[in-house]
There are 2 protein chains.
Amino acid sequence: MNKPYAVSAKAVVRDSRGRCLVLRRSGASKNNAGFWEFPGGKIDPVEHPDEALVREIREETGLNAQVIRVVGAGESELPDRKVAYLFFEARVDTDAVQLSSEHDAFQWVERSELKNRQLCPQFMPFAREYSVRSD
Amino acid sequence: MNKPYAVSAKAVVRDSRGRCLVLRRSGASKNNAGFWEFPGGKIDPVEHPDEALVREIREETGLNAQVIRVVGAGESELPDRKVAYLFFEARVDTDAVQLSSEHDAFQWVERSELKNRQLCPQFMPFAREYSVRSD
């Protein structure tokens, strides 16, 4: 049986020094507890993906982000569906993060270091590719 | 002013020999007339992207496709909005294409040749990258 896809928008949030924000999924998470990830989530059908992403970033980090561009894609498979990820780059002026209960730690890391973080498996192909690109 | 993004799903449709389908935009097209592109289009908010894509492929080519996986992303900018593209790979069992009025020619090309076709500019970064990948 084919599983239908849902679309999720995720952000590489970069601060004024170019560092990238990763969040650690809290121990209570159903999937991938303890793994690191990017802010963002499922796109509500009535939203534009960038507006959904700005809202998710604010909820998950307290940061006011500006979405800049599309930087990649990915996917994952859950028991009942697949998820297609659209990765955007976003910028923030401050790095004063306030986490929600969804995450229990955050780090600002150099772009080239992203591939060495223990990200959720479905984000690793994108992170490896994005880590070494120069654009 | 920030332009909001819309999401569009596009497909690299591959036949049983692995060749990839490209369609030429008809002369009456408002944008990019005469350029080549992939089937697909804007995701209707209430649809899953793969279901939208199967429908668009059928409308534009008459082919009954199966969506396989996510293979890339891209973007373009229009006067009033931006478009974020999600590229999927899809498979078909027959290569008997029936075009709609939207296109006036089609070609089945080797994957490695995609980057050498005169595709719409917004698809070129993806095509260059996908042409040389081996997965």
# chains A, B, ... in the order shown; residues from 1 in each chain; ligands from 1
call {"tool": "select_by_dssp", "arguments": {"residues": "stretch 19-82 of chain A", "states": "helix (DSSP H, G or I)", "output": "PyMOL selection string"}}
result
chain A and resi 49-61
call {"tool": "write_last_selection", "arguments": {"atoms": "N, CA, C and O atoms", "output": "tab-separated table (two decimals), in the first residue's frame"}}
result
chain	number	residue	atom	x	y	z
A	49	PRO	N	4.09	28.14	3.37
A	49	PRO	CA	5.10	27.40	4.13
A	49	PRO	C	6.02	28.32	4.94
A	49	PRO	O	6.45	27.96	6.04
A	50	ASP	N	6.34	29.49	4.39
A	50	ASP	CA	7.23	30.39	5.13
A	50	ASP	C	6.54	30.99	6.35
A	50	ASP	O	7.14	31.18	7.39
A	51	GLU	N	5.23	31.24	6.23
A	51	GLU	CA	4.49	31.76	7.38
A	51	GLU	C	4.36	30.69	8.47
A	51	GLU	O	4.51	30.97	9.66
A	52	ALA	N	4.12	29.46	8.03
A	52	ALA	CA	4.06	28.34	8.98
A	52	ALA	C	5.39	28.21	9.71
A	52	ALA	O	5.44	28.01	10.93
A	53	LEU	N	6.46	28.38	8.96
A	53	LEU	CA	7.79	28.19	9.52
A	53	LEU	C	8.13	29.29	10.53
A	53	LEU	O	8.67	29.02	11.60
A	54	VAL	N	7.80	30.52	10.20
A	54	VAL	CA	8.07	31.64	11.12
A	54	VAL	C	7.32	31.41	12.44
A	54	VAL	O	7.85	31.62	13.52
A	55	ARG	N	6.09	30.93	12.32
A	55	ARG	CA	5.30	30.65	13.52
A	55	ARG	C	5.92	29.52	14.34
A	55	ARG	O	6.07	29.61	15.56
A	56	GLU	N	6.32	28.44	13.66
A	56	GLU	CA	6.92	27.30	14.36
A	56	GLU	C	8.23	27.70	15.04
A	56	GLU	O	8.53	27.27	16.15
A	57	ILE	N	9.05	28.49	14.34
A	57	ILE	CA	10.32	28.92	14.92
A	57	ILE	C	10.06	29.73	16.18
A	57	ILE	O	10.74	29.56	17.20
A	58	ARG	N	9.06	30.60	16.13
A	58	ARG	CA	8.75	31.43	17.30
A	58	ARG	C	8.28	30.55	18.46
A	58	ARG	O	8.70	30.72	19.60
A	59	GLU	N	7.42	29.56	18.16
A	59	GLU	CA	6.91	28.68	19.22
A	59	GLU	C	8.02	27.84	19.84
A	59	GLU	O	8.03	27.59	21.03
A	60	GLU	N	8.95	27.40	19.01
A	60	GLU	CA	9.96	26.45	19.49
A	60	GLU	C	11.22	27.10	20.05
A	60	GLU	O	11.98	26.47	20.78
A	61	THR	N	11.45	28.38	19.67
A	61	THR	CA	12.71	29.02	20.08
A	61	THR	C	12.53	30.44	20.62
A	61	THR	O	13.50	31.01	21.14
call {"tool": "calpha_fit_and_write", "arguments": {"fixed": "chain B", "moving": "chain A", "output": "PDB file with C-alpha atoms, in the first residue's frame"}}
result
ATOM      1  CA  MET A   1       8.318  43.337   1.253  1.00  0.00           C
ATOM      2  CA  ASN A   2       8.446  39.598   1.737  1.00  0.00           C
ATOM      3  CA  LYS A   3       6.639  37.569  -0.894  1.00  0.00           C
ATOM      4  CA  PRO A   4       4.831  34.523   0.473  1.00  0.00           C
ATOM      5  CA  TYR A   5       5.835  31.092  -0.811  1.00  0.00           C
ATOM      6  CA  ALA A   6       3.511  28.591  -2.464  1.00  0.00           C
ATOM      7  CA  VAL A   7       4.530  24.920  -2.687  1.00  0.00           C
ATOM      8  CA  SER A   8       4.679  23.133  -6.030  1.00  0.00           C
ATOM      9  CA  ALA A   9       5.329  19.403  -6.506  1.00  0.00           C
ATOM     10  CA  LYS A  10       7.219  18.396  -9.662  1.00  0.00           C
ATOM     11  CA  ALA A  11       8.078  14.911 -10.893  1.00  0.00           C
ATOM     12  CA  VAL A  12      10.984  13.311 -12.639  1.00  0.00           C
ATOM     13  CA  VAL A  13       8.876  10.654 -14.373  1.00  0.00           C
ATOM     14  CA  ARG A  14      11.030   7.671 -15.330  1.00  0.00           C
ATOM     15  CA  ASP A  15      10.080   4.877 -17.698  1.00  0.00           C
ATOM     16  CA  SER A  16      11.020   1.198 -17.419  1.00  0.00           C
ATOM     17  CA  ARG A  17      14.409   1.968 -18.994  1.00  0.00           C
ATOM     18  CA  GLY A  18      15.115   4.725 -16.485  1.00  0.00           C
ATOM     19  CA  ARG A  19      14.710   7.561 -18.963  1.00  0.00           C
ATOM     20  CA  CYS A  20      13.288  10.865 -17.684  1.00  0.00           C
ATOM     21  CA  LEU A  21      10.326  12.732 -19.160  1.00  0.00           C
ATOM     22  CA  VAL A  22      10.569  16.415 -20.046  1.00  0.00           C
ATOM     23  CA  LEU A  23       7.780  18.531 -21.541  1.00  0.00           C
ATOM     24  CA  ARG A  24       8.104  21.674 -23.649  1.00  0.00           C
ATOM     25  CA  ARG A  25       5.951  24.618 -22.580  1.00  0.00           C
ATOM     26  CA  SER A  26       3.731  25.619 -25.467  1.00  0.00           C
ATOM     27  CA  GLY A  27       4.162  28.909 -27.308  1.00  0.00           C
ATOM     28  CA  ALA A  28       1.063  30.348 -25.644  1.00  0.00           C
ATOM     29  CA  SER A  29       2.532  29.985 -22.142  1.00  0.00           C
ATOM     30  CA  LYS A  30       2.729  33.204 -20.139  1.00  0.00           C
ATOM     31  CA  ASN A  31       6.103  32.265 -18.635  1.00  0.00           C
ATOM     32  CA  ASN A  32       9.021  30.367 -20.105  1.00  0.00           C
ATOM     33  CA  ALA A  33       7.336  29.495 -23.424  1.00  0.00           C
ATOM     34  CA  GLY A  34       9.506  27.039 -25.349  1.00  0.00           C
ATOM     35  CA  PHE A  35      11.476  25.930 -22.307  1.00  0.00           C
ATOM     36  CA  TRP A  36      11.387  22.356 -21.087  1.00  0.00           C
ATOM     37  CA  GLU A  37      10.073  21.339 -17.686  1.00  0.00           C
ATOM     38  CA  PHE A  38       8.882  18.492 -15.511  1.00  0.00           C
ATOM     39  CA  PRO A  39       5.185  17.639 -15.051  1.00  0.00           C
ATOM     40  CA  GLY A  40       3.504  18.750 -11.841  1.00  0.00           C
ATOM     41  CA  GLY A  41       2.180  21.913 -10.290  1.00  0.00           C
ATOM     42  CA  LYS A  42       0.902  23.741  -7.284  1.00  0.00           C
ATOM     43  CA  ILE A  43      -0.259  21.591  -4.411  1.00  0.00           C
ATOM     44  CA  ASP A  44      -3.907  22.099  -3.652  1.00  0.00           C
ATOM     45  CA  PRO A  45      -4.164  22.776   0.096  1.00  0.00           C
ATOM     46  CA  VAL A  46      -6.456  19.813   0.717  1.00  0.00           C
ATOM     47  CA  GLU A  47      -4.336  17.306  -1.206  1.00  0.00           C
ATOM     48  CA  HIS A  48      -1.355  15.199  -0.247  1.00  0.00           C
ATOM     49  CA  PRO A  49       1.541  16.246  -2.502  1.00  0.00           C
ATOM     50  CA  ASP A  50       1.907  12.796  -4.058  1.00  0.00           C
ATOM     51  CA  GLU A  51      -1.804  12.622  -4.863  1.00  0.00           C
ATOM     52  CA  ALA A  52      -1.666  16.090  -6.395  1.00  0.00           C
ATOM     53  CA  LEU A  53       1.312  15.002  -8.443  1.00  0.00           C
ATOM     54  CA  VAL A  54      -0.296  11.797  -9.740  1.00  0.00           C
ATOM     55  CA  ARG A  55      -3.286  13.858 -10.851  1.00  0.00           C
ATOM     56  CA  GLU A  56      -1.123  16.505 -12.541  1.00  0.00           C
ATOM     57  CA  ILE A  57       0.962  13.869 -14.330  1.00  0.00           C
ATOM     58  CA  ARG A  58      -2.211  12.241 -15.649  1.00  0.00           C
ATOM     59  CA  GLU A  59      -3.619  15.583 -16.838  1.00  0.00           C
ATOM     60  CA  GLU A  60      -0.397  16.657 -18.516  1.00  0.00           C
ATOM     61  CA  THR A  61       0.801  13.357 -19.988  1.00  0.00           C
ATOM     62  CA  GLY A  62      -2.002  10.764 -19.796  1.00  0.00           C
ATOM     63  CA  LEU A  63       0.403   8.555 -17.833  1.00  0.00           C
ATOM     64  CA  ASN A  64      -0.499   6.644 -14.688  1.00  0.00           C
ATOM     65  CA  ALA A  65       2.478   7.245 -12.407  1.00  0.00           C
ATOM     66  CA  GLN A  66       3.584   5.928  -9.061  1.00  0.00           C
ATOM     67  CA  VAL A  67       5.397   8.400  -6.793  1.00  0.00           C
ATOM     68  CA  ILE A  68       8.556   6.825  -5.355  1.00  0.00           C
ATOM     69  CA  ARG A  69      10.614   9.306  -3.348  1.00  0.00           C
ATOM     70  CA  VAL A  70      11.720  12.893  -2.766  1.00  0.00           C
ATOM     71  CA  VAL A  71      14.775  13.822  -4.841  1.00  0.00           C
ATOM     72  CA  GLY A  72      15.308  17.550  -4.448  1.00  0.00           C
ATOM     73  CA  ALA A  73      14.120  21.102  -3.946  1.00  0.00           C
ATOM     74  CA  GLY A  74      14.259  24.443  -5.697  1.00  0.00           C
ATOM     75  CA  GLU A  75      12.594  27.800  -5.925  1.00  0.00           C
ATOM     76  CA  SER A  76      11.536  30.590  -8.230  1.00  0.00           C
ATOM     77  CA  GLU A  77      10.357  34.145  -7.837  1.00  0.00           C
ATOM     78  CA  LEU A  78       7.303  35.608  -9.564  1.00  0.00           C
ATOM     79  CA  PRO A  79       6.074  39.212  -9.410  1.00  0.00           C
ATOM     80  CA  ASP A  80       3.667  38.487  -6.543  1.00  0.00           C
ATOM     81  CA  ARG A  81       5.031  35.371  -4.851  1.00  0.00           C
ATOM     82  CA  LYS A  82       7.768  32.811  -4.550  1.00  0.00           C
ATOM     83  CA  VAL A  83       7.382  29.137  -5.349  1.00  0.00           C
ATOM     84  CA  ALA A  84       9.134  26.370  -3.390  1.00  0.00           C
ATOM     85  CA  TYR A  85       9.512  23.232  -5.511  1.00  0.00           C
ATOM     86  CA  LEU A  86       9.586  19.718  -4.130  1.00  0.00           C
ATOM     87  CA  PHE A  87      10.925  17.292  -6.744  1.00  0.00           C
ATOM     88  CA  PHE A  88       9.760  13.683  -6.536  1.00  0.00           C
ATOM     89  CA  GLU A  89      10.765  10.692  -8.602  1.00  0.00           C
ATOM     90  CA  ALA A  90       7.867   8.782 -10.166  1.00  0.00           C
ATOM     91  CA  ARG A  91       7.675   5.621 -12.275  1.00  0.00           C
ATOM     92  CA  VAL A  92       5.500   4.632 -15.198  1.00  0.00           C
ATOM     93  CA  ASP A  93       5.174   1.338 -17.052  1.00  0.00           C
ATOM     94  CA  THR A  94       4.372   2.810 -20.440  1.00  0.00           C
ATOM     95  CA  ASP A  95       5.909   5.723 -22.318  1.00  0.00           C
ATOM     96  CA  ALA A  96       2.849   6.496 -24.477  1.00  0.00           C
ATOM     97  CA  VAL A  97       2.496  10.197 -23.677  1.00  0.00           C
ATOM     98  CA  GLN A  98      -0.589  12.240 -24.547  1.00  0.00           C
ATOM     99  CA  LEU A  99       0.058  15.938 -24.077  1.00  0.00           C
ATOM    100  CA  SER A 100      -2.402  18.563 -22.906  1.00  0.00           C
ATOM    101  CA  SER A 101      -2.535  22.028 -24.486  1.00  0.00           C
ATOM    102  CA  GLU A 102      -0.043  23.215 -21.864  1.00  0.00           C
ATOM    103  CA  HIS A 103       2.835  21.539 -23.729  1.00  0.00           C
ATOM    104  CA  ASP A 104       3.668  21.015 -27.390  1.00  0.00           C
ATOM    105  CA  ALA A 105       6.455  18.425 -27.268  1.00  0.00           C
ATOM    106  CA  PHE A 106       7.917  15.747 -25.017  1.00  0.00           C
ATOM    107  CA  GLN A 107      11.166  13.827 -24.824  1.00  0.00           C
ATOM    108  CA  TRP A 108      12.464  10.865 -22.857  1.00  0.00           C
ATOM    109  CA  VAL A 109      16.069  11.632 -21.957  1.00  0.00           C
ATOM    110  CA  GLU A 110      18.800   9.857 -20.043  1.00  0.00           C
ATOM    111  CA  ARG A 111      19.225  11.085 -16.485  1.00  0.00           C
ATOM    112  CA  SER A 112      22.782  12.213 -17.218  1.00  0.00           C
ATOM    113  CA  GLU A 113      21.471  14.329 -20.120  1.00  0.00           C
ATOM    114  CA  LEU A 114      18.898  16.310 -18.116  1.00  0.00           C
ATOM    115  CA  LYS A 115      21.375  19.059 -17.313  1.00  0.00           C
ATOM    116  CA  ASN A 116      21.946  19.645 -21.046  1.00  0.00           C
ATOM    117  CA  ARG A 117      18.288  20.316 -21.848  1.00  0.00           C
ATOM    118  CA  GLN A 118      16.986  23.873 -22.033  1.00  0.00           C
ATOM    119  CA  LEU A 119      14.905  23.571 -18.893  1.00  0.00           C
ATOM    120  CA  CYS A 120      13.131  26.518 -17.259  1.00  0.00           C
ATOM    121  CA  PRO A 121      15.852  28.371 -15.327  1.00  0.00           C
ATOM    122  CA  GLN A 122      14.374  27.530 -11.915  1.00  0.00           C
ATOM    123  CA  PHE A 123      14.792  23.791 -12.611  1.00  0.00           C
ATOM    124  CA  MET A 124      18.434  23.928 -13.712  1.00  0.00           C
ATOM    125  CA  PRO A 125      20.102  23.819 -10.258  1.00  0.00           C
ATOM    126  CA  PHE A 126      18.140  20.669  -9.399  1.00  0.00           C
ATOM    127  CA  ALA A 127      18.748  19.125 -12.861  1.00  0.00           C
ATOM    128  CA  ARG A 128      22.504  19.703 -12.654  1.00  0.00           C
ATOM    129  CA  GLU A 129      22.667  18.105  -9.229  1.00  0.00           C
ATOM    130  CA  TYR A 130      20.328  15.200 -10.038  1.00  0.00           C
ATOM    131  CA  SER A 131      22.068  14.471 -13.380  1.00  0.00           C
ATOM    132  CA  VAL A 132      25.320  13.538 -11.686  1.00  0.00           C
ATOM    133  CA  ARG A 133      24.029  11.751  -8.583  1.00  0.00           C
ATOM    134  CA  SER A 134      24.179   7.978  -8.680  1.00  0.00           C
ATOM    135  CA  ASP A 135      21.417   7.049  -6.201  1.00  0.00           C
TER     136      ASP A 135
END
call {"tool": "select_by_dssp", "arguments": {"residues": "stretch 26-135 of chain A", "states": "strand (DSSP E)", "output": "ChimeraX atom specification"}}
result
/A:36-37,40-42,66-77,82-91,103-109
